[in-house]
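Structure file model-v5.cif with mmCIF, C-alpha atoms:
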data_input
#
loop_
_atom_site.label_atom_id
_atom_site.label_comp_id
_atom_site.auth_asym_id
_atom_site.auth_seq_id
_atom_site.Cartn_x
_atom_site.Cartn_y
_atom_site.Cartn_z
CA MET A 1 -82.26 -39.42 -70.52
CA SER A 2 -79.07 -39.64 -68.47
CA GLN A 3 -76.95 -36.62 -67.61
CA GLY A 4 -74.09 -38.08 -69.69
CA THR A 5 -76.27 -38.27 -72.75
CA GLN A 6 -77.45 -34.70 -72.23
CA GLN A 7 -73.85 -33.50 -72.03
CA ALA A 8 -72.87 -35.45 -75.17
CA GLN A 9 -75.72 -33.89 -77.08
CA ALA A 10 -74.94 -30.40 -75.81
CA SER A 11 -71.43 -30.66 -77.22
CA GLN A 12 -72.89 -31.32 -80.68
CA ARG A 13 -73.84 -27.68 -81.21
CA PHE A 14 -71.48 -25.03 -82.52
CA VAL A 15 -71.54 -21.79 -84.44
CA LEU A 16 -69.34 -20.32 -87.15
CA GLN A 17 -69.44 -16.63 -87.97
CA LEU A 18 -68.09 -15.04 -91.12
CA LEU A 19 -66.37 -11.82 -90.07
CA ASP A 20 -66.36 -8.51 -91.85
CA PRO A 21 -62.79 -8.15 -93.21
CA ALA A 22 -62.44 -4.50 -92.16
CA ARG A 23 -64.34 -4.22 -88.90
CA GLY A 24 -64.40 -7.79 -87.62
CA HIS A 25 -68.09 -8.07 -86.76
CA ALA A 26 -70.16 -11.08 -87.82
CA ILE A 27 -71.83 -10.68 -91.19
CA GLN A 28 -73.19 -14.21 -91.43
CA THR A 29 -73.70 -16.87 -88.77
CA TRP A 30 -74.23 -20.59 -89.20
CA GLN A 31 -75.38 -22.71 -86.32
CA PHE A 32 -74.90 -26.46 -86.58
CA ASP A 33 -76.98 -28.73 -84.43
CA ASP A 34 -76.23 -32.39 -84.01
CA ARG A 35 -73.61 -32.73 -86.76
CA ALA A 36 -70.50 -34.92 -86.59
CA MET A 37 -68.77 -32.87 -89.24
CA ILE A 38 -69.25 -29.94 -91.55
CA ARG A 39 -67.37 -28.77 -94.60
CA ILE A 40 -66.21 -25.36 -95.69
CA GLY A 41 -65.16 -24.46 -99.21
CA ARG A 42 -65.91 -22.70 -102.46
CA SER A 43 -68.03 -25.46 -103.94
CA ASP A 44 -71.80 -25.07 -103.53
CA ASP A 45 -72.21 -28.42 -101.85
CA ASN A 46 -70.23 -27.42 -98.75
CA ASP A 47 -72.16 -26.60 -95.60
CA ILE A 48 -70.50 -23.20 -95.68
CA ALA A 49 -69.89 -22.17 -99.27
CA LEU A 50 -67.67 -19.10 -99.68
CA GLY A 51 -67.04 -17.71 -103.16
CA ASP A 52 -63.58 -16.34 -102.53
CA PRO A 53 -60.55 -17.15 -104.76
CA GLN A 54 -58.40 -17.98 -101.72
CA VAL A 55 -60.88 -20.62 -100.67
CA SER A 56 -60.40 -24.05 -102.24
CA ARG A 57 -63.38 -26.00 -103.48
CA TYR A 58 -63.02 -28.17 -100.37
CA HIS A 59 -60.98 -26.12 -97.98
CA ALA A 60 -61.56 -27.43 -94.48
CA GLU A 61 -63.64 -29.70 -92.31
CA VAL A 62 -64.72 -29.30 -88.71
CA ARG A 63 -65.12 -32.69 -87.12
CA SER A 64 -66.30 -33.88 -83.74
CA HIS A 65 -63.36 -35.42 -81.87
CA GLY A 66 -64.28 -36.76 -78.45
CA ASN A 67 -65.67 -33.82 -76.52
CA ALA A 68 -63.89 -31.31 -78.73
CA TRP A 69 -64.07 -30.00 -82.28
CA GLU A 70 -61.17 -30.42 -84.63
CA LEU A 71 -60.29 -28.45 -87.73
CA ILE A 72 -58.81 -30.32 -90.69
CA SER A 73 -57.37 -28.14 -93.41
CA MET A 74 -57.39 -29.46 -96.97
CA GLY A 75 -57.14 -26.26 -98.98
CA ARG A 76 -54.29 -25.42 -101.29
CA HIS A 77 -53.88 -21.96 -99.75
CA GLY A 78 -53.80 -23.21 -96.16
CA THR A 79 -55.83 -22.43 -93.08
CA PHE A 80 -54.50 -20.11 -90.40
CA ILE A 81 -55.24 -19.77 -86.70
CA ALA A 82 -53.58 -16.82 -84.94
CA ASP A 83 -51.28 -16.36 -87.99
CA ASP A 84 -50.04 -19.96 -87.81
CA VAL A 85 -50.76 -22.29 -90.68
CA VAL A 86 -52.44 -25.43 -89.37
CA GLU A 87 -53.22 -28.81 -90.87
CA THR A 88 -55.22 -30.04 -87.91
CA ALA A 89 -56.08 -28.16 -84.75
CA THR A 90 -58.44 -28.47 -81.83
CA LEU A 91 -60.81 -25.53 -81.98
CA GLU A 92 -61.09 -23.45 -78.83
CA ASP A 93 -64.20 -21.41 -78.18
CA GLY A 94 -63.70 -18.06 -79.90
CA ALA A 95 -60.96 -19.27 -82.27
CA ILE A 96 -60.65 -17.34 -85.51
CA LEU A 97 -59.74 -19.28 -88.63
CA GLN A 98 -58.57 -17.66 -91.81
CA LEU A 99 -58.94 -19.47 -95.12
CA GLY A 100 -55.82 -18.62 -97.13
CA PRO A 101 -53.22 -16.05 -96.00
CA THR A 102 -55.53 -13.09 -96.60
CA GLY A 103 -58.83 -14.86 -97.22
CA PRO A 104 -62.10 -14.81 -95.28
CA LYS A 105 -62.12 -15.19 -91.50
CA LEU A 106 -64.50 -17.35 -89.51
CA ARG A 107 -65.03 -17.28 -85.76
CA PHE A 108 -65.74 -20.58 -84.00
CA LEU A 109 -68.12 -20.47 -81.03
CA LEU A 110 -69.59 -23.19 -78.85
CA ALA A 111 -72.70 -21.19 -78.03
CA ARG A 112 -74.92 -19.09 -80.21
CA PRO A 113 -74.66 -15.36 -79.50
CA GLN A 114 -77.89 -13.68 -78.46
CA HIS A 115 -79.68 -11.22 -80.79
CA GLU A 116 -78.15 -12.80 -83.84
CA GLU A 117 -80.38 -12.09 -86.80
CA GLU A 118 -78.59 -13.55 -89.77
CA THR A 119 -78.29 -17.15 -88.61
CA THR A 120 -78.56 -20.11 -90.94
CA ILE A 121 -79.55 -23.15 -88.89
CA ILE A 122 -78.59 -26.48 -90.41
CA ARG A 123 -80.35 -29.48 -89.00
CA ASN A 124 -81.94 -32.61 -90.27
CA GLY A 125 -85.60 -33.04 -91.01
CA PRO A 126 -87.33 -35.64 -88.83
CA ALA A 127 -88.79 -37.44 -91.84
CA LEU A 128 -85.34 -38.43 -93.10
CA SER A 129 -84.16 -39.62 -89.68
CA GLU A 130 -87.29 -41.71 -89.35
CA MET A 131 -86.91 -43.13 -92.82
CA LEU A 132 -83.29 -44.20 -92.46
CA GLN A 133 -82.70 -45.73 -89.06
CA LEU A 134 -80.07 -48.05 -87.67
CA ASP A 135 -80.42 -50.81 -85.13
CA ARG A 136 -76.97 -50.29 -83.63
CA GLY A 137 -77.20 -53.32 -81.36
CA ARG A 138 -77.79 -55.56 -84.34
CA VAL A 139 -74.98 -53.90 -86.30
CA GLU A 140 -72.51 -54.57 -83.48
CA GLN A 141 -73.64 -58.16 -83.08
CA GLU A 142 -73.38 -58.95 -86.80
CA ALA A 143 -69.98 -57.30 -87.05
CA ARG A 144 -68.70 -59.14 -83.97
CA GLU A 145 -69.71 -62.52 -85.42
CA ILE A 146 -67.66 -61.82 -88.55
CA VAL A 147 -64.69 -60.35 -86.69
CA ASP A 148 -64.47 -63.46 -84.49
CA SER A 149 -64.25 -65.80 -87.47
CA PRO A 150 -60.89 -67.36 -88.52
CA SER A 151 -61.26 -66.08 -92.10
CA PHE A 152 -61.47 -62.50 -90.86
CA ARG A 153 -58.19 -62.90 -89.00
CA ARG A 154 -56.60 -64.39 -92.11
CA VAL A 155 -57.73 -61.39 -94.15
CA GLN A 156 -56.22 -59.10 -91.54
CA ASP A 157 -52.88 -60.93 -91.83
CA LEU A 158 -52.90 -60.82 -95.63
CA ALA A 159 -53.72 -57.14 -95.66
CA GLY A 160 -50.82 -56.50 -93.29
CA GLU A 161 -48.47 -58.28 -95.72
CA LEU A 162 -49.63 -56.19 -98.68
CA ARG A 163 -49.28 -52.95 -96.74
CA LYS A 164 -45.71 -53.90 -95.84
CA LYS A 165 -44.88 -54.76 -99.46
CA LYS A 166 -46.48 -51.57 -100.68
CA SER A 167 -44.71 -49.31 -98.25
CA SER A 168 -41.31 -50.87 -98.98
CA SER A 169 -41.67 -50.85 -102.77
CA LYS A 170 -42.11 -47.15 -103.52
CA ASP A 171 -40.86 -43.84 -102.37
CA PRO A 172 -43.46 -42.66 -99.83
CA THR A 173 -42.74 -39.02 -100.59
CA GLU A 174 -43.84 -39.43 -104.18
CA PHE A 175 -47.36 -38.16 -103.46
CA MET B 1 -47.00 -43.74 -103.31
CA SER B 2 -49.71 -45.60 -105.19
CA LYS B 3 -53.16 -45.77 -103.67
CA ILE B 4 -55.73 -48.50 -103.64
CA ILE B 5 -59.33 -47.30 -103.80
CA SER B 6 -61.91 -49.97 -103.05
CA VAL B 7 -65.48 -49.31 -104.06
CA HIS B 8 -68.00 -51.37 -102.17
CA SER B 9 -71.70 -51.60 -101.57
CA PHE B 10 -73.61 -53.85 -99.26
CA ARG B 11 -76.19 -54.77 -101.88
CA GLY B 12 -76.13 -55.13 -105.64
CA GLY B 13 -77.83 -52.61 -107.87
CA THR B 14 -76.42 -49.52 -106.23
CA GLY B 15 -74.66 -48.41 -109.43
CA LYS B 16 -71.25 -49.14 -107.90
CA SER B 17 -69.56 -50.23 -111.14
CA ASN B 18 -70.85 -47.22 -113.01
CA LEU B 19 -69.55 -44.87 -110.31
CA THR B 20 -66.22 -46.74 -110.17
CA ALA B 21 -65.68 -46.46 -113.92
CA ASN B 22 -66.56 -42.78 -114.10
CA LEU B 23 -64.46 -41.90 -111.05
CA ALA B 24 -61.46 -43.86 -112.30
CA VAL B 25 -61.60 -42.03 -115.62
CA ALA B 26 -61.94 -38.65 -113.89
CA VAL B 27 -58.78 -39.43 -111.90
CA ALA B 28 -56.98 -40.60 -115.07
CA ARG B 29 -57.85 -37.30 -116.72
CA THR B 30 -55.63 -35.56 -114.16
CA GLY B 31 -52.65 -37.43 -115.65
CA ARG B 32 -52.49 -40.28 -113.15
CA ARG B 33 -51.92 -43.86 -114.20
CA VAL B 34 -55.03 -45.74 -113.20
CA GLY B 35 -56.00 -49.40 -113.08
CA VAL B 36 -59.40 -50.92 -112.44
CA ILE B 37 -59.78 -54.52 -111.32
CA ASP B 38 -63.11 -56.29 -111.36
CA THR B 39 -63.22 -58.56 -108.32
CA ASP B 40 -66.95 -59.02 -108.71
CA ILE B 41 -66.18 -62.43 -110.16
CA GLN B 42 -69.69 -63.76 -109.71
CA SER B 43 -71.34 -61.00 -111.70
CA PRO B 44 -68.68 -59.14 -113.71
CA GLY B 45 -69.80 -56.05 -115.52
CA ILE B 46 -67.48 -53.07 -115.47
CA HIS B 47 -65.81 -54.07 -118.78
CA VAL B 48 -69.09 -53.22 -120.58
CA ILE B 49 -68.87 -49.61 -119.45
CA PHE B 50 -65.38 -49.39 -120.97
CA GLY B 51 -66.52 -51.11 -124.17
CA LEU B 52 -64.22 -54.11 -123.73
CA THR B 53 -65.77 -57.08 -125.51
CA GLU B 54 -65.47 -60.78 -124.77
CA ASP B 55 -63.51 -61.31 -128.00
CA GLU B 56 -60.84 -58.90 -126.83
CA ILE B 57 -60.31 -60.69 -123.53
CA LYS B 58 -57.71 -63.43 -123.84
CA TYR B 59 -56.91 -63.67 -120.14
CA SER B 60 -59.01 -62.49 -117.22
CA LEU B 61 -58.61 -62.18 -113.46
CA ASN B 62 -59.92 -65.75 -113.22
CA ASP B 63 -56.95 -67.00 -115.30
CA PHE B 64 -54.54 -65.17 -113.01
CA LEU B 65 -56.17 -66.79 -109.98
CA TRP B 66 -55.85 -70.21 -111.66
CA GLY B 67 -52.16 -69.58 -112.32
CA LYS B 68 -52.57 -69.44 -116.09
CA CYS B 69 -51.17 -65.95 -116.60
CA SER B 70 -49.53 -63.00 -114.91
CA ILE B 71 -51.68 -60.09 -113.77
CA GLU B 72 -50.33 -57.82 -116.49
CA GLN B 73 -51.37 -60.37 -119.12
CA ALA B 74 -54.93 -59.99 -117.82
CA ALA B 75 -54.74 -56.19 -118.04
CA TYR B 76 -56.04 -54.29 -121.07
CA ASP B 77 -55.13 -50.73 -121.89
CA VAL B 78 -58.52 -49.14 -122.55
CA ALA B 79 -57.19 -45.55 -122.85
CA PRO B 80 -58.00 -45.45 -126.60
CA LYS B 81 -61.58 -46.50 -125.88
CA ILE B 82 -61.87 -43.83 -123.20
CA GLN B 83 -60.56 -41.22 -125.59
CA ARG B 84 -63.19 -42.16 -128.16
CA GLU B 85 -65.95 -41.59 -125.57
CA SER B 86 -65.11 -37.97 -124.93
CA ALA B 87 -67.97 -36.16 -126.66
CA GLY B 88 -65.88 -35.24 -129.70
CA LYS B 89 -63.36 -33.32 -127.61
CA ALA B 90 -59.68 -34.16 -127.64
CA LEU B 91 -58.83 -36.12 -124.53
CA VAL B 92 -55.49 -37.58 -123.62
CA VAL B 93 -55.24 -40.02 -120.76
CA PRO B 94 -52.22 -42.07 -119.72
CA PRO B 95 -52.37 -45.84 -120.15
CA PHE B 96 -55.47 -47.04 -118.31
CA HIS B 97 -55.48 -50.70 -117.36
CA LEU B 98 -58.65 -52.68 -116.94
CA ILE B 99 -58.40 -56.14 -115.42
CA PRO B 100 -61.73 -57.83 -116.13
CA ALA B 101 -63.19 -60.94 -114.54
CA SER B 102 -64.19 -63.74 -116.90
CA LEU B 103 -67.45 -63.37 -118.77
CA LYS B 104 -67.65 -67.07 -119.56
CA GLN B 105 -70.45 -68.68 -117.65
CA ARG B 106 -68.64 -71.98 -117.08
CA GLU B 107 -65.61 -70.12 -115.68
CA ILE B 108 -67.82 -68.10 -113.34
CA VAL B 109 -69.53 -71.28 -112.14
CA ARG B 110 -66.17 -73.00 -111.69
CA ILE B 111 -64.61 -70.26 -109.60
CA VAL B 112 -67.73 -69.88 -107.48
CA ASP B 113 -67.87 -73.68 -106.94
CA GLU B 114 -64.19 -74.27 -106.33
CA GLY B 115 -63.24 -71.00 -104.74
CA TYR B 116 -59.66 -69.76 -104.95
CA ASP B 117 -56.78 -68.83 -102.76
CA VAL B 118 -57.51 -65.31 -101.55
CA SER B 119 -53.80 -64.70 -100.96
CA LEU B 120 -53.36 -64.86 -104.76
CA LEU B 121 -55.74 -61.94 -105.09
CA ASN B 122 -53.55 -60.12 -102.61
CA SER B 123 -50.49 -60.79 -104.81
CA GLY B 124 -52.49 -59.67 -107.83
CA PHE B 125 -53.15 -56.24 -106.32
CA HIS B 126 -49.50 -55.83 -105.46
CA ASP B 127 -48.24 -57.05 -108.85
CA ALA B 128 -50.72 -54.84 -110.71
CA ILE B 129 -49.52 -51.75 -108.89
CA GLU B 130 -45.85 -52.62 -109.37
CA ARG B 131 -45.78 -53.92 -112.92
CA LEU B 132 -48.32 -51.55 -114.42
CA GLU B 133 -46.77 -48.66 -112.48
CA LEU B 134 -50.12 -47.49 -111.21
CA ASP B 135 -50.79 -44.36 -109.23
CA TYR B 136 -54.31 -45.55 -108.40
CA LEU B 137 -55.82 -49.02 -108.40
CA PHE B 138 -59.63 -49.04 -108.20
CA ILE B 139 -61.16 -52.29 -107.00
CA ASP B 140 -64.75 -52.91 -108.06
CA THR B 141 -65.77 -55.34 -105.34
CA HIS B 142 -68.47 -57.95 -105.08
CA PRO B 143 -71.42 -56.68 -103.00
CA GLY B 144 -71.90 -58.06 -99.51
CA VAL B 145 -69.29 -59.52 -97.22
CA ASN B 146 -67.02 -62.44 -98.12
CA ASP B 147 -63.28 -63.09 -97.97
CA GLU B 148 -62.55 -61.30 -101.24
CA THR B 149 -64.47 -58.20 -100.33
CA LEU B 150 -62.98 -58.11 -96.84
CA LEU B 151 -59.52 -58.36 -98.35
CA SER B 152 -60.29 -55.61 -100.87
CA ILE B 153 -61.47 -53.46 -97.99
CA ALA B 154 -58.54 -54.34 -95.73
CA VAL B 155 -55.82 -53.47 -98.24
CA CYS B 156 -57.23 -50.18 -99.47
CA ASP B 157 -56.04 -46.69 -98.69
CA LEU B 158 -59.49 -45.28 -99.30
CA LEU B 159 -62.80 -47.09 -99.10
CA LEU B 160 -65.67 -45.63 -101.08
CA VAL B 161 -68.92 -46.97 -99.69
CA VAL B 162 -71.81 -46.75 -102.13
CA ILE B 163 -75.29 -46.66 -100.66
CA ARG B 164 -78.81 -46.02 -101.82
CA PRO B 165 -81.21 -44.14 -99.54
CA ASP B 166 -82.97 -47.34 -98.59
CA ASN B 167 -83.46 -48.93 -95.19
CA GLN B 168 -81.99 -52.31 -96.13
CA ASP B 169 -78.84 -50.69 -97.48
CA PHE B 170 -78.65 -48.52 -94.41
CA GLN B 171 -78.39 -51.36 -91.91
CA GLY B 172 -76.09 -53.63 -93.97
CA THR B 173 -73.78 -50.77 -94.82
CA ALA B 174 -73.33 -50.04 -91.13
CA VAL B 175 -72.02 -53.58 -90.61
CA THR B 176 -69.57 -53.17 -93.50
CA VAL B 177 -68.38 -49.85 -92.12
CA GLU B 178 -67.86 -51.39 -88.69
CA LEU B 179 -65.81 -54.20 -90.26
CA ALA B 180 -63.77 -51.67 -92.22
CA ARG B 181 -62.98 -49.85 -88.97
CA GLN B 182 -61.90 -53.15 -87.40
CA LEU B 183 -59.66 -53.69 -90.43
CA LYS B 184 -58.16 -50.25 -89.77
CA VAL B 185 -59.04 -48.78 -93.16
CA ARG B 186 -57.22 -45.48 -93.29
CA ASP B 187 -59.83 -43.34 -94.99
CA MET B 188 -63.49 -43.77 -95.88
CA MET B 189 -66.00 -41.76 -97.85
CA MET B 190 -69.59 -42.47 -98.74
CA LEU B 191 -71.33 -41.95 -102.06
CA VAL B 192 -75.12 -41.94 -102.20
CA ASN B 193 -76.52 -43.02 -105.51
CA LYS B 194 -79.99 -43.17 -107.03
CA VAL B 195 -81.34 -40.52 -104.68
CA PRO B 196 -85.01 -39.70 -105.41
CA PRO B 197 -85.20 -36.15 -106.79
CA ASP B 198 -87.59 -35.01 -104.05
CA LEU B 199 -85.12 -35.76 -101.22
CA GLU B 200 -83.28 -32.72 -99.92
CA THR B 201 -79.66 -33.62 -100.61
CA ARG B 202 -78.07 -31.44 -97.95
CA ALA B 203 -80.24 -32.94 -95.21
CA LEU B 204 -79.55 -36.44 -96.53
CA ARG B 205 -75.81 -35.80 -96.57
CA GLY B 206 -75.90 -34.48 -93.01
CA HIS B 207 -77.91 -37.45 -91.81
CA LEU B 208 -75.49 -39.94 -93.41
CA GLU B 209 -72.38 -38.13 -92.20
CA ARG B 210 -73.70 -38.09 -88.68
CA THR B 211 -74.81 -41.72 -88.77
CA TYR B 212 -71.66 -43.18 -90.31
CA GLY B 213 -69.09 -40.62 -89.17
CA MET B 214 -67.50 -40.11 -92.58
CA PRO B 215 -67.65 -37.50 -95.35
CA VAL B 216 -70.28 -37.90 -98.05
CA PRO B 217 -68.75 -35.98 -100.96
CA GLY B 218 -71.04 -37.39 -103.65
CA VAL B 219 -74.83 -37.33 -103.74
CA PHE B 220 -76.11 -38.59 -107.09
CA THR B 221 -79.73 -37.97 -107.90
CA LEU B 222 -81.60 -40.63 -109.83
CA ASN B 223 -82.22 -39.36 -113.31
CA PHE B 224 -83.40 -40.67 -116.59
CA GLU B 225 -80.30 -39.85 -118.63
CA VAL B 226 -77.95 -41.85 -116.43
CA VAL B 227 -80.32 -44.80 -116.23
CA GLN B 228 -80.63 -44.80 -119.98
CA LEU B 229 -76.89 -44.90 -120.64
CA ALA B 230 -75.49 -46.61 -117.53
CA SER B 231 -73.52 -49.73 -118.28
CA SER B 232 -73.12 -48.97 -121.95
CA GLY B 233 -70.67 -46.09 -121.82
CA LEU B 234 -68.87 -43.52 -119.74
CA PHE B 235 -71.61 -41.06 -118.92
CA SER B 236 -69.37 -38.34 -117.51
CA LEU B 237 -67.37 -38.18 -120.75
CA ARG B 238 -70.38 -38.13 -122.99
CA PHE B 239 -72.23 -35.54 -120.90
CA PRO B 240 -69.57 -33.58 -119.04
CA GLU B 241 -71.92 -30.74 -118.08
CA HIS B 242 -74.58 -32.99 -116.55
CA PRO B 243 -75.04 -32.72 -112.72
CA PHE B 244 -74.02 -36.39 -112.41
CA SER B 245 -70.71 -35.66 -114.17
CA ARG B 246 -70.08 -32.62 -112.00
CA GLN B 247 -70.55 -34.74 -108.89
CA ILE B 248 -68.10 -37.26 -110.32
CA ASP B 249 -65.53 -34.47 -110.79
CA ILE B 250 -66.07 -33.29 -107.21
CA VAL B 251 -65.50 -36.76 -105.78
CA ALA B 252 -62.48 -37.35 -108.04
CA GLU B 253 -61.00 -34.11 -106.78
CA ARG B 254 -61.53 -35.30 -103.22
CA ILE B 255 -59.81 -38.58 -104.04
CA THR B 256 -56.74 -36.96 -105.55
CA ALA B 257 -56.61 -34.24 -102.89
CA ALA B 258 -56.97 -36.66 -99.96
CA PRO B 259 -54.23 -35.94 -97.46
CA ALA B 260 -51.41 -38.43 -97.17
CA VAL B 261 -52.12 -41.10 -94.59
#

Output the file's structure as structure tokens, nothing else.
Amino acid sequence: MSQGTQQAQASQRFVLQLLDPARGHAIQTWQFDDRAMIRIGRSDDNDIALGDPQVSRYHAEVRSHGNAWELISMGRHGTFIADDVVETATLEDGAILQLGPTGPKLRFLLARPQHEEETTIIRNGPALSEMLQLDRGRVEQEAREIVDSPSFRRVQDLAGELRKKKSSSKDPTEF
Amino acid sequence: MSKIISVHSFRGGTGKSNLTANLAVAVARTGRRVGVIDTDIQSPGIHVIFGLTEDEIKYSLNDFLWGKCSIEQAAYDVAPKIQRESAGKALVVPPFHLIPASLKQREIVRIVDEGYDVSLLNSGFHDAIERLELDYLFIDTHPGVNDETLLSIAVCDLLLVVIRPDNQDFQGTAVTVELARQLKVRDMMMLVNKVPPDLETRALRGHLERTYGMPVPGVFTLNFEVVQLASSGLFSLRFPEHPFSRQIDIVAERITAAPAV
């Protein structure tokens, strides 16, 4: 394995800690290994499910963005970093996010703290990865053959026309 | 601004039309004006889920593509049929327009043999949105990759990729996703359907999100009730408390809450 690959994999690990509202220490820790994105919200099917009324069913996502991690806020009550409401933000090591103006706080860390007892580790079982595998070389080759065809370029042109028509026909602030 | 939601799967039999119909209705229940267009001209089917019969269809998408009618003449307001499906509970939805493809075998054969001008389909999407005053247009696409499906993918604001946990789907879907990225699709989500009950859904979701780099808001477990009803009614209205229906609501919420692009 090359050094570059090792570095890319190392950046795929991060930790989120739910903080005690009064004293600020971690009361629950989630470590995510090898994930491109995770979701936070009130609904049970989020990776971090928090049953707090200030948390929307799907409140925020943390996504891999190059070598960094990015927060995308989707919740109705907003997501705050250092008292500023953010829609998207690059997460620095140690950043504290608050879901809603006075909702739960989460600390973002790039490394797992030592002596952490209450960690939930989320990773994928090997059986699933073995069962569903991609031949990426073949995917790229097949896609390239289609992209190079004249009909693909025609579709691109037509789609461009529709987008132009659509954007000029309605008030874009309506939604 | 209106949004086009294309629903696509690499292979047939993923339950794409059933998911499209149930999601479109869930969005309509929030008060939005919704249209559904069946561009699966070779094997049309979504009309059955809405209870639209052949006798009721004077003009179809095929007629529009042959220049015989306008797109709104091929659109049928199925809101009353949707309301009748709602498990005895009062349900009010705005006008809900279904644009079916022809069910007549000779018309299917003709359009497959002769083909049609794909730019007309493009005009059809635009006209449908404008003239039917739609907030959301759902496109039920033909599986696989051809000019129509590529166009449906290229023009959408959100692409919903339907997949089964199956190795053949897995590889072909990756090609479609790569093409969608080349077509600069603004937003993509994946729905996994017909998941065997013994698969751990959270691990499956994580694996798919990592592999395809997109959210997987809906994981639908294969179950007897859905199989029994699918294609003959709107499951999520008949059984609103069923886990399948709850997943539909979750995905619909994601669709309507998707940030502006």

Quiz prompt | Distance-based interface of chain B with chain A, 6 Å, counting all atoms listed in the file, as a PyMOL selection string | solution = chain B and resi 1+151+154-155+167+171+175+203+210

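For the pair atom CA of A:Leu19 and atom CA of B:Glu253, the separation is 28.4 Å.
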
Practice problem: Could you state which residues are captured by the PyMOL selection byres ((chain B and resi 130-140) around 9) in this file, as JSON, numbers by chain? | Solution: {"A": [166, 169, 170], "B": [1, 2, 3, 4, 5, 6, 7, 8, 16, 17, 20, 21, 24, 27, 28, 32, 33, 34, 35, 36, 37, 38, 39, 40, 46, 71, 72, 75, 96, 97, 125, 126, 127, 128, 129, 141, 142, 152, 156]}

Exercise. Would you translate the PyMOL selection byres ((chain B and resi 239) around 12) into the concrete set of residues it matches in this file, as a PyMOL selection string?
Key: chain B and resi 22+85-89+225-226+229+233-238+240-246+248

Exercise. Enter the distance from atom CA of B:Gln168 to atom CA of B:Gly144, in Å, rounded to one decimal.
Key: 12.1 Å

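Residues within 7 Å of stretch 249-251 of chain B, counting only C-alpha atoms and excluding same-chain residues fewer than 3 positions away, are Ala26, Pro217, Gly218, Ser245, Arg246, Arg254 and Ile255 of chain B.
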
Pull C-alpha atoms from the residues just selected and write them as an mmCIF file, in the coordinates of the input.
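That gives us out11.cif:
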data_model
loop_
_atom_site.group_PDB
_atom_site.id
_atom_site.type_symbol
_atom_site.label_atom_id
_atom_site.label_comp_id
_atom_site.auth_asym_id
_atom_site.auth_seq_id
_atom_site.Cartn_x
_atom_site.Cartn_y
_atom_site.Cartn_z
ATOM 1 C CA ALA B 26 -61.940 -38.650 -113.890
ATOM 2 C CA PRO B 217 -68.750 -35.980 -100.960
ATOM 3 C CA GLY B 218 -71.040 -37.390 -103.650
ATOM 4 C CA SER B 245 -70.710 -35.660 -114.170
ATOM 5 C CA ARG B 246 -70.080 -32.620 -112.000
ATOM 6 C CA ARG B 254 -61.530 -35.300 -103.220
ATOM 7 C CA ILE B 255 -59.810 -38.580 -104.040
#

Quiz item: If you apply the PyMOL selection byres ((chain B and resi 92) around 8) to this file, what residues do you get, as a list of chain:residue names?
Solution: B:Arg29, B:Gln83, B:Ala90, B:Leu91, B:Val93, B:Pro94

Write a file of the just-selected residues containing C-alpha atoms, as a PDB file, keeping the file's coordinate frame.
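Written out: selection.pdb:
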ATOM      1  CA  ARG B  29     -57.850 -37.300-116.720  1.00  0.00           C
ATOM      2  CA  GLN B  83     -60.560 -41.220-125.590  1.00  0.00           C
ATOM      3  CA  ALA B  90     -59.680 -34.160-127.640  1.00  0.00           C
ATOM      4  CA  LEU B  91     -58.830 -36.120-124.530  1.00  0.00           C
ATOM      5  CA  VAL B  93     -55.240 -40.020-120.760  1.00  0.00           C
ATOM      6  CA  PRO B  94     -52.220 -42.070-119.720  1.00  0.00           C
TER       7      PRO B  94
END

Self-check item: Interatomic distance, atom CA of B:Pro80 to atom CA of B:Thr256 (Å, one decimal)
Solution: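 Here the two named atoms are 22.7 Å from each other.
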
Quiz item: Could you pull the residues within 9 Å of B:Ser102, counting only C-alpha atoms, minus those fewer than 3 positions along the same chain, as a list in words?
Solution: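 Non-adjacent residues within range: Ile41, Pro44, Glu54, Ile57, Tyr59, Ser60, Leu61, Asn62, Asp63, Gln105, Glu107 and Ile108 of chain B.
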
Self-check item: Proximity to A:Gly78 - best of A:Ala60, A:Asp33, A:Gly100, A:Ala111, all atoms listed in the file
Solution: A:Gly100

Quiz item: Got a sec: who's within 10 Å of A:Gly51, counting only C-alpha atoms, leaving out chain neighbours fewer than 5 positions off, as an MDAnalysis selection string?
Solution: chainID A and resid 41:44 56:57 104

Practice problem: In the coordinates of the file, take the point (-72.7, -32.6, -95.6) and a cut-off of 6 Å; then, counting only C-alpha atoms, name each qualifying protein, DNA or RNA residue as a ChimeraX atom specification. | Solution: /A:38 /B:202,205-206

Keeping only C-alpha atoms, write the selected residues to a file as a compact mmCIF listing (two decimals), keeping the file's coordinate frame.
# COMPACT_ATOMS: atom_id res chain seq x y z
CA ILE A 38 -69.25 -29.94 -91.55
CA ARG B 202 -78.07 -31.44 -97.95
CA ARG B 205 -75.81 -35.80 -96.57
CA GLY B 206 -75.90 -34.48 -93.01

Quiz prompt | Top pick for closest residue to A:Pro101, considering A:Leu16, A:Glu70, A:His59, A:Gln54 and counting only C-alpha atoms | solution =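 Nearest candidate to A:Pro101 out of A:Leu16, A:Glu70, A:His59, A:Gln54: A:Gln54.
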
Quiz item: Quick one: of A:Thr102, A:Gln17, A:Gln31, A:Asn67, who's nearest to A:Asp83, counting all atoms listed in the file?
Solution: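 Checking each candidate against A:Asp83, we get A:Thr102 as the closest.
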